[in-house]
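*Asks:* If it helps, the file is called model_7.pdb and holds PDB, C-alpha atoms:
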ATOM      1  CA  MET A   1     -29.145-341.664  59.918
ATOM      2  CA  ILE A   2     -27.430-338.518  61.211
ATOM      3  CA  ALA A   3     -25.362-338.791  64.394
ATOM      4  CA  LEU A   4     -26.285-336.412  67.210
ATOM      5  CA  GLU A   5     -22.580-335.681  67.719
ATOM      6  CA  THR A   6     -22.434-333.967  64.304
ATOM      7  CA  VAL A   7     -25.238-331.504  65.075
ATOM      8  CA  PRO A   8     -24.127-327.928  65.949
ATOM      9  CA  GLU A   9     -23.624-327.361  69.660
ATOM     10  CA  VAL A  10     -26.629-325.224  70.586
ATOM     11  CA  PRO A  11     -29.340-327.341  68.900
ATOM     12  CA  ARG A  12     -27.579-330.475  70.130
ATOM     13  CA  ARG A  13     -27.784-329.202  73.706
ATOM     14  CA  ALA A  14     -31.425-328.211  73.212
ATOM     15  CA  TRP A  15     -32.419-331.630  71.910
ATOM     16  CA  MET A  16     -30.503-333.414  74.665
ATOM     17  CA  GLN A  17     -32.190-331.295  77.320
ATOM     18  CA  LEU A  18     -35.601-331.893  75.764
ATOM     19  CA  ARG A  19     -34.973-335.630  75.654
ATOM     20  CA  GLU A  20     -34.033-335.641  79.342
ATOM     21  CA  GLY A  21     -37.108-333.602  80.214
ATOM     22  CA  LEU A  22     -39.496-335.781  78.231
ATOM     23  CA  LEU A  23     -38.103-338.980  79.689
ATOM     24  CA  ARG A  24     -38.641-337.521  83.130
ATOM     25  CA  ILE A  25     -42.197-336.349  82.389
ATOM     26  CA  ILE A  26     -43.623-339.137  80.194
ATOM     27  CA  GLY A  27     -40.819-341.664  79.814
ATOM     28  CA  ASP A  28     -42.936-344.817  79.623
ATOM     29  CA  ASN A  29     -45.229-343.214  77.056
ATOM     30  CA  ILE A  30     -42.484-342.386  74.542
ATOM     31  CA  VAL A  31     -42.030-344.690  71.550
ATOM     32  CA  ALA A  32     -39.505-342.497  69.731
ATOM     33  CA  ILE A  33     -38.022-339.005  69.518
ATOM     34  CA  TRP A  34     -36.598-337.797  66.184
ATOM     35  CA  ALA A  35     -34.820-334.545  65.345
ATOM     36  CA  PHE A  36     -34.907-333.501  61.698
ATOM     37  CA  GLY A  37     -34.917-330.561  59.279
ATOM     38  CA  GLY A  38     -32.161-328.289  58.078
ATOM     39  CA  THR A  39     -30.759-327.622  61.543
ATOM     40  CA  VAL A  40     -29.504-331.197  62.005
ATOM     41  CA  SER A  41     -27.054-330.703  59.137
ATOM     42  CA  ALA A  42     -26.378-326.976  59.493
ATOM     43  CA  PRO A  43     -22.767-325.707  59.554
ATOM     44  CA  ALA A  44     -21.379-325.038  63.008
ATOM     45  CA  ASP A  45     -21.111-321.292  62.374
ATOM     46  CA  GLY A  46     -24.447-320.908  60.600
ATOM     47  CA  PRO A  47     -27.686-319.466  61.998
ATOM     48  CA  ILE A  48     -29.990-321.841  63.838
ATOM     49  CA  GLY A  49     -33.393-322.478  62.303
ATOM     50  CA  ASP A  50     -36.416-323.995  64.003
ATOM     51  CA  LEU A  51     -35.677-327.257  65.798
ATOM     52  CA  ASP A  52     -37.978-329.726  64.036
ATOM     53  CA  THR A  53     -38.831-332.487  66.490
ATOM     54  CA  PHE A  54     -41.181-335.472  66.235
ATOM     55  CA  VAL A  55     -42.251-337.451  69.295
ATOM     56  CA  VAL A  56     -44.207-340.705  68.941
ATOM     57  CA  LEU A  57     -46.508-341.505  71.871
ATOM     58  CA  ARG A  58     -48.087-344.786  72.932
ATOM     59  CA  HIS A  59     -51.105-343.179  74.593
ATOM     60  CA  PRO A  60     -52.730-339.731  74.875
ATOM     61  CA  VAL A  61     -51.063-337.341  77.310
ATOM     62  CA  ASP A  62     -52.926-335.955  80.333
ATOM     63  CA  GLN A  63     -53.185-332.209  80.879
ATOM     64  CA  GLU A  64     -50.666-332.146  83.727
ATOM     65  CA  SER A  65     -48.048-333.754  81.473
ATOM     66  CA  VAL A  66     -48.916-331.437  78.572
ATOM     67  CA  THR A  67     -48.323-328.433  80.821
ATOM     68  CA  ALA A  68     -44.971-329.841  81.954
ATOM     69  CA  ILE A  69     -43.902-330.617  78.369
ATOM     70  CA  GLU A  70     -44.780-327.137  77.138
ATOM     71  CA  ALA A  71     -42.930-325.617  80.084
ATOM     72  CA  ALA A  72     -39.838-327.674  79.231
ATOM     73  CA  HIS A  73     -39.968-326.436  75.627
ATOM     74  CA  ALA A  74     -40.350-322.827  76.780
ATOM     75  CA  THR A  75     -37.498-323.026  79.281
ATOM     76  CA  ILE A  76     -35.049-324.520  76.789
ATOM     77  CA  ALA A  77     -36.090-322.038  74.101
ATOM     78  CA  ARG A  78     -35.516-319.126  76.464
ATOM     79  CA  ASP A  79     -32.219-320.391  77.873
ATOM     80  CA  LEU A  80     -30.660-321.315  74.524
ATOM     81  CA  ASP A  81     -32.405-318.728  72.320
ATOM     82  CA  ILE A  82     -33.914-321.275  69.935
ATOM     83  CA  GLU A  83     -37.372-321.950  68.498
ATOM     84  CA  TRP A  84     -39.161-325.279  68.398
ATOM     85  CA  ASP A  85     -41.365-326.802  65.717
ATOM     86  CA  SER A  86     -42.468-329.925  67.535
ATOM     87  CA  TRP A  87     -44.980-332.654  66.825
ATOM     88  CA  TYR A  88     -46.389-335.094  69.357
ATOM     89  CA  VAL A  89     -48.326-337.846  67.573
ATOM     90  CA  LEU A  90     -49.867-341.124  68.725
ATOM     91  CA  GLU A  91     -48.123-344.268  67.482
ATOM     92  CA  GLU A  92     -51.263-345.609  65.811
ATOM     93  CA  ASP A  93     -51.517-342.391  63.762
ATOM     94  CA  THR A  94     -47.795-342.344  62.962
ATOM     95  CA  ARG A  95     -48.157-345.763  61.320
ATOM     96  CA  GLN A  96     -50.796-344.486  58.868
ATOM     97  CA  SER A  97     -50.475-342.760  55.490
ATOM     98  CA  VAL A  98     -53.137-340.205  56.411
ATOM     99  CA  PRO A  99     -51.563-336.966  57.726
ATOM    100  CA  PRO A 100     -51.762-337.214  61.520
ATOM    101  CA  ARG A 101     -53.012-334.643  63.981
ATOM    102  CA  HIS A 102     -50.980-333.325  66.875
ATOM    103  CA  ALA A 103     -51.784-335.205  70.070
ATOM    104  CA  TRP A 104     -53.210-332.138  71.829
ATOM    105  CA  LEU A 105     -52.972-329.118  69.496
ATOM    106  CA  ASP A 106     -55.311-328.288  66.614
ATOM    107  CA  ARG A 107     -52.709-329.036  63.933
ATOM    108  CA  ARG A 108     -52.488-331.547  61.092
ATOM    109  CA  ASN A 109     -49.119-332.486  59.564
ATOM    110  CA  GLU A 110     -49.563-331.345  55.963
ATOM    111  CA  THR A 111     -46.001-332.358  54.985
ATOM    112  CA  TRP A 112     -46.491-335.919  56.219
ATOM    113  CA  ALA A 113     -45.474-337.684  52.985
ATOM    114  CA  ILE A 114     -42.342-335.560  52.618
ATOM    115  CA  ASP A 115     -41.369-335.980  56.275
ATOM    116  CA  ARG A 116     -41.671-339.765  55.995
ATOM    117  CA  ALA A 117     -39.545-339.837  52.853
ATOM    118  CA  MET A 118     -36.858-337.754  54.576
ATOM    119  CA  TRP A 119     -36.817-339.968  57.659
ATOM    120  CA  LEU A 120     -36.734-343.206  55.681
ATOM    121  CA  ALA A 121     -33.775-341.809  53.726
ATOM    122  CA  GLY A 122     -31.931-341.334  57.019
ATOM    123  CA  ARG A 123     -32.280-337.541  57.176
ATOM    124  CA  TYR A 124     -32.925-337.375  60.909
ATOM    125  CA  VAL A 125     -31.309-337.907  64.314
ATOM    126  CA  LEU A 126     -32.607-340.735  66.484
ATOM    127  CA  LEU A 127     -32.768-339.134  69.922
ATOM    128  CA  HIS A 128     -34.569-341.981  71.657
ATOM    129  CA  GLY A 129     -36.458-345.189  71.027
ATOM    130  CA  ALA A 130     -37.494-346.755  67.738
ATOM    131  CA  ALA A 131     -36.064-345.855  64.343
ATOM    132  CA  ALA A 132     -38.370-344.326  61.735
ATOM    133  CA  ALA A 133     -38.198-347.412  59.522
ATOM    134  CA  GLU A 134     -39.820-349.415  62.327
ATOM    135  CA  ILE A 135     -42.886-347.180  62.391
ATOM    136  CA  VAL A 136     -43.637-345.052  59.324
ATOM    137  CA  ARG A 137     -44.753-346.183  55.877
ATOM    138  CA  GLN A 138     -42.928-345.391  52.650
ATOM    139  CA  PRO A 139     -44.982-342.680  50.895
ATOM    140  CA  SER A 140     -46.424-343.443  47.489
ATOM    141  CA  HIS A 141     -45.607-341.433  44.379
ATOM    142  CA  GLN A 142     -49.117-339.966  44.465
ATOM    143  CA  GLU A 143     -48.776-338.944  48.106
ATOM    144  CA  LEU A 144     -45.560-337.094  47.332
ATOM    145  CA  ASN A 145     -47.117-335.376  44.320
ATOM    146  CA  ASP A 146     -50.087-334.287  46.433
ATOM    147  CA  ALA A 147     -47.757-332.963  49.146
ATOM    148  CA  LEU A 148     -45.730-330.970  46.608
ATOM    149  CA  SER A 149     -48.923-329.531  45.115
ATOM    150  CA  SER A 150     -50.027-328.439  48.583
ATOM    151  CA  GLU A 151     -46.679-326.744  49.157
ATOM    152  CA  VAL A 152     -46.971-324.837  45.877
ATOM    153  CA  GLU A 153     -50.504-323.757  46.834
ATOM    154  CA  HIS A 154     -49.129-322.551  50.163
ATOM    155  CA  LEU A 155     -46.569-320.379  48.351
ATOM    156  CA  GLU A 156     -49.257-319.053  46.000
ATOM    157  CA  ARG A 157     -51.454-318.020  48.931
ATOM    158  CA  HIS A 158     -48.612-315.925  50.369
ATOM    159  CA  VAL A 159     -48.075-314.267  46.990
ATOM    160  CA  GLU A 160     -51.776-313.514  46.618
ATOM    161  CA  ALA A 161     -51.852-312.055  50.127
ATOM    162  CA  GLY A 162     -48.865-309.826  49.350
ATOM    163  CA  ASP A 163     -46.654-311.485  51.972
ATOM    164  CA  THR A 164     -43.296-310.474  50.523
ATOM    165  CA  ASP A 165     -41.390-309.774  53.745
ATOM    166  CA  PRO A 166     -37.846-311.224  53.766
ATOM    167  CA  TYR A 167     -38.787-314.266  55.860
ATOM    168  CA  GLU A 168     -41.699-315.372  53.678
ATOM    169  CA  ALA A 169     -39.864-314.560  50.448
ATOM    170  CA  THR A 170     -36.790-316.526  51.520
ATOM    171  CA  TYR A 171     -38.965-319.501  52.422
ATOM    172  CA  ALA A 172     -40.756-319.269  49.070
ATOM    173  CA  ILE A 173     -37.542-319.122  47.023
ATOM    174  CA  LEU A 174     -35.682-321.912  48.821
ATOM    175  CA  ASN A 175     -38.667-324.193  49.271
ATOM    176  CA  GLY A 176     -39.624-323.527  45.673
ATOM    177  CA  SER A 177     -36.159-324.564  44.557
ATOM    178  CA  ARG A 178     -36.532-327.708  46.637
ATOM    179  CA  ILE A 179     -39.863-328.470  44.953
ATOM    180  CA  LEU A 180     -38.339-328.056  41.495
ATOM    181  CA  ARG A 181     -35.443-330.326  42.375
ATOM    182  CA  THR A 182     -37.882-332.976  43.592
ATOM    183  CA  ILE A 183     -39.918-332.722  40.378
ATOM    184  CA  GLN A 184     -36.778-333.181  38.279
ATOM    185  CA  THR A 185     -35.193-335.988  40.287
ATOM    186  CA  GLY A 186     -38.063-337.656  42.155
ATOM    187  CA  ASP A 187     -36.006-337.265  45.343
ATOM    188  CA  VAL A 188     -37.418-335.171  48.211
ATOM    189  CA  THR A 189     -34.422-335.623  50.491
ATOM    190  CA  ILE A 190     -33.011-332.123  50.293
ATOM    191  CA  SER A 191     -33.210-329.269  52.785
ATOM    192  CA  LYS A 192     -33.917-325.614  52.021
ATOM    193  CA  ARG A 193     -30.278-324.909  52.868
ATOM    194  CA  GLU A 194     -29.197-327.324  50.112
ATOM    195  CA  ALA A 195     -31.899-326.271  47.652
ATOM    196  CA  GLY A 196     -30.506-322.784  47.089
ATOM    197  CA  PRO A 197     -27.136-323.951  45.723
ATOM    198  CA  TRP A 198     -28.933-326.612  43.660
ATOM    199  CA  GLY A 199     -31.012-323.849  42.059
ATOM    200  CA  LEU A 200     -27.906-321.850  41.191
ATOM    201  CA  THR A 201     -26.526-324.874  39.353
ATOM    202  CA  HIS A 202     -29.670-326.041  37.579
ATOM    203  CA  LEU A 203     -31.973-323.039  37.029
ATOM    204  CA  PRO A 204     -31.567-320.323  34.365
ATOM    205  CA  GLY A 205     -29.411-317.307  35.166
ATOM    206  CA  GLN A 206     -32.391-314.962  35.436
ATOM    207  CA  TRP A 207     -33.194-316.581  38.811
ATOM    208  CA  HIS A 208     -29.677-316.439  40.248
ATOM    209  CA  PRO A 209     -29.942-312.980  41.890
ATOM    210  CA  VAL A 210     -33.047-313.929  43.895
ATOM    211  CA  LEU A 211     -31.565-317.326  44.781
ATOM    212  CA  GLN A 212     -28.369-315.671  46.001
ATOM    213  CA  ALA A 213     -30.391-313.168  48.006
ATOM    214  CA  ALA A 214     -32.430-315.985  49.575
ATOM    215  CA  ILE A 215     -29.299-317.935  50.465
ATOM    216  CA  ARG A 216     -27.796-314.909  52.203
ATOM    217  CA  ALA A 217     -31.075-314.209  54.008
ATOM    218  CA  TYR A 218     -31.298-317.818  55.199
ATOM    219  CA  GLU A 219     -27.773-317.512  56.592
ATOM    220  CA  GLY A 220     -28.657-314.255  58.353
ATOM    221  CA  LYS A 221     -26.485-312.146  56.019
ATOM    222  CA  ALA A 222     -29.081-310.361  53.894
ATOM    223  CA  THR A 223     -28.452-306.774  52.834
ATOM    224  CA  PRO A 224     -31.163-304.158  52.218
ATOM    225  CA  ASP A 225     -30.608-304.765  48.491
ATOM    226  CA  ASP A 226     -31.236-308.492  49.013
ATOM    227  CA  GLU A 227     -34.524-307.741  50.752
ATOM    228  CA  GLY A 228     -35.560-305.615  47.799
ATOM    229  CA  VAL A 229     -34.712-308.379  45.334
ATOM    230  CA  LEU A 230     -36.660-310.937  47.373
ATOM    231  CA  ALA A 231     -39.756-308.738  47.550
ATOM    232  CA  ARG A 232     -39.543-307.897  43.837
ATOM    233  CA  ASP A 233     -38.943-311.398  42.463
ATOM    234  CA  MET A 234     -40.901-313.648  44.834
ATOM    235  CA  LYS A 235     -44.103-313.528  42.746
ATOM    236  CA  ALA A 236     -42.320-314.316  39.474
ATOM    237  CA  PHE A 237     -40.340-317.170  41.024
ATOM    238  CA  VAL A 238     -43.443-318.785  42.503
ATOM    239  CA  GLY A 239     -45.215-318.304  39.187
ATOM    240  CA  MET A 240     -42.365-320.099  37.428
ATOM    241  CA  ILE A 241     -42.683-323.047  39.819
TER     242      ILE A 241
END
Kindly return the structure encoded in the file as structure tokens.
*Replies:*
Amino acid sequence: MIALETVPEVPRRAWMQLREGLLRIIGDNIVAIWAFGGTVSAPADGPIGDLDTFVVLRHPVDQESVTAIEAAHATIARDLDIEWDSWYVLEEDTRQSVPPRHAWLDRRNETWAIDRAMWLAGRYVLLHGAAAAEIVRQPSHQELNDALSSEVEHLERHVEAGDTDPYEATYAILNGSRILRTIQTGDVTISKREAGPWGLTHLPGQWHPVLQAAIRAYEGKATPDDEGVLARDMKAFVGMI
């Protein structure tokens, strides 16, 4: 498990403020709050990605509380210049293998198997309440394979739609590298930030320019040439995956 004290200052402050706000708004209803994703292990001087957050609830949340929660997210995002990617899920759904739905938004967690594997490997920060191992199930090999297939299909849809802007291309290259690493090792516990360097070490040299461009883009250091490489090579890289 990752210690909150090791998280870069701005996301650490954001998560602490969110925790305080949620405890004030729905304290008795909270089973657990977990922070996860690449930001929890980002370098102190690196760019801040979305703050992936998972909140386990005992009971459904009333509309007044939903409004207060969303206002807390918006205030923290504005004050600290961050973006949230947050899930609020009922405890009974969190304990299942079936991808859960958000407690009040029309969203289903399509990366559920991968998220569980990451949490059970300790790749998260326990902000409040119960640890992941007390609640979520270990994903099966088939569940992980299905999740990886869905991620590849997601990348293919962007290619087919011509979505080759730097953001989508960077996501495709780094997440694609992560998928390949998982296929080779059977281990999903790697972030996009870590997947780029892994690709440089393990993939043929023809893919190194686009990997290097994606790494620089992820760190907020992309050049116009990098953006051109990403747009040009995204389709071929996804096809290779």
*Asks:* With segment 181-187 of chain A as the partner and 10 Å as the cut-off, tabulate the residues of segment 17-134 of chain A that qualify, each row holding the nearest pair of atoms and their distance in Å to one decimal, using only C-alpha atoms, sorted by chain and rising number, as CSV.
*Replies:*
residue,atom,partner,partner_atom,distance
A:Ile114,CA,A:Asp187,CA,9.8
A:Ala117,CA,A:Asp187,CA,8.7
A:Met118,CA,A:Asp187,CA,9.3
A:Ala121,CA,A:Asp187,CA,9.8
*Asks:* So how far away is atom CA of Arg116 of chain A from atom CA of Glu20 of chain A, in Å?
*Replies:* 24.9 Å
*Asks:* Counting only C-alpha atoms, write as a ChimeraX atom specification all protein and nucleic acid residues lying at most 10 Å from (-36.9, -323.1, 50.6) in the file's frame.
*Replies:* /A:168-179,190-196,211,214-215,218
*Asks:* With segment 85-95 of chain A as the partner and 8 Å as the cut-off, tabulate the residues of segment 27-71 of chain A that qualify, each row holding the nearest pair of atoms and their distance in Å to one decimal, using only C-alpha atoms, sorted by chain and rising number, as a Markdown table.
*Replies:*
| residue | atom | partner | partner_atom | distance |
| --- | --- | --- | --- | --- |
| A:Val31 | CA | A:Glu91 | CA | 7.3 |
| A:Asp50 | CA | A:Asp85 | CA | 5.9 |
| A:Leu51 | CA | A:Asp85 | CA | 5.7 |
| A:Asp52 | CA | A:Asp85 | CA | 4.8 |
| A:Thr53 | CA | A:Ser86 | CA | 4.6 |
| A:Phe54 | CA | A:Trp87 | CA | 4.8 |
| A:Val55 | CA | A:Tyr88 | CA | 4.8 |
| A:Val56 | CA | A:Val89 | CA | 5.2 |
| A:Leu57 | CA | A:Leu90 | CA | 4.6 |
| A:Arg58 | CA | A:Glu91 | CA | 5.5 |
| A:His59 | CA | A:Leu90 | CA | 6.3 |
| A:Pro60 | CA | A:Leu90 | CA | 6.9 |
*Asks:* Decode the PyMOL selection byres ((chain A and resi 49) around 12) for the given file into explicit residues and return them as JSON, numbers by chain.
*Replies:* {"A": [8, 10, 11, 36, 37, 38, 39, 40, 41, 42, 43, 46, 47, 48, 50, 51, 52, 81, 82, 83, 84, 85, 167, 171, 191, 192, 193, 217, 218, 219, 220]}
*Asks:* Near Ala147 of chain A, counting all atoms listed in the file, which residues have an atom at most 8 Å away, once you skip same-chain residues fewer than 5 positions from it, shown as number ranges by chain?
*Replies:* A: 110-114
*Asks:* Using all atoms listed in the file, which residue out of A:Pro166, A:Thr201, A:Ser149, A:Leu127 lies closest to Ala222 of chain A?
*Replies:* A:Pro166
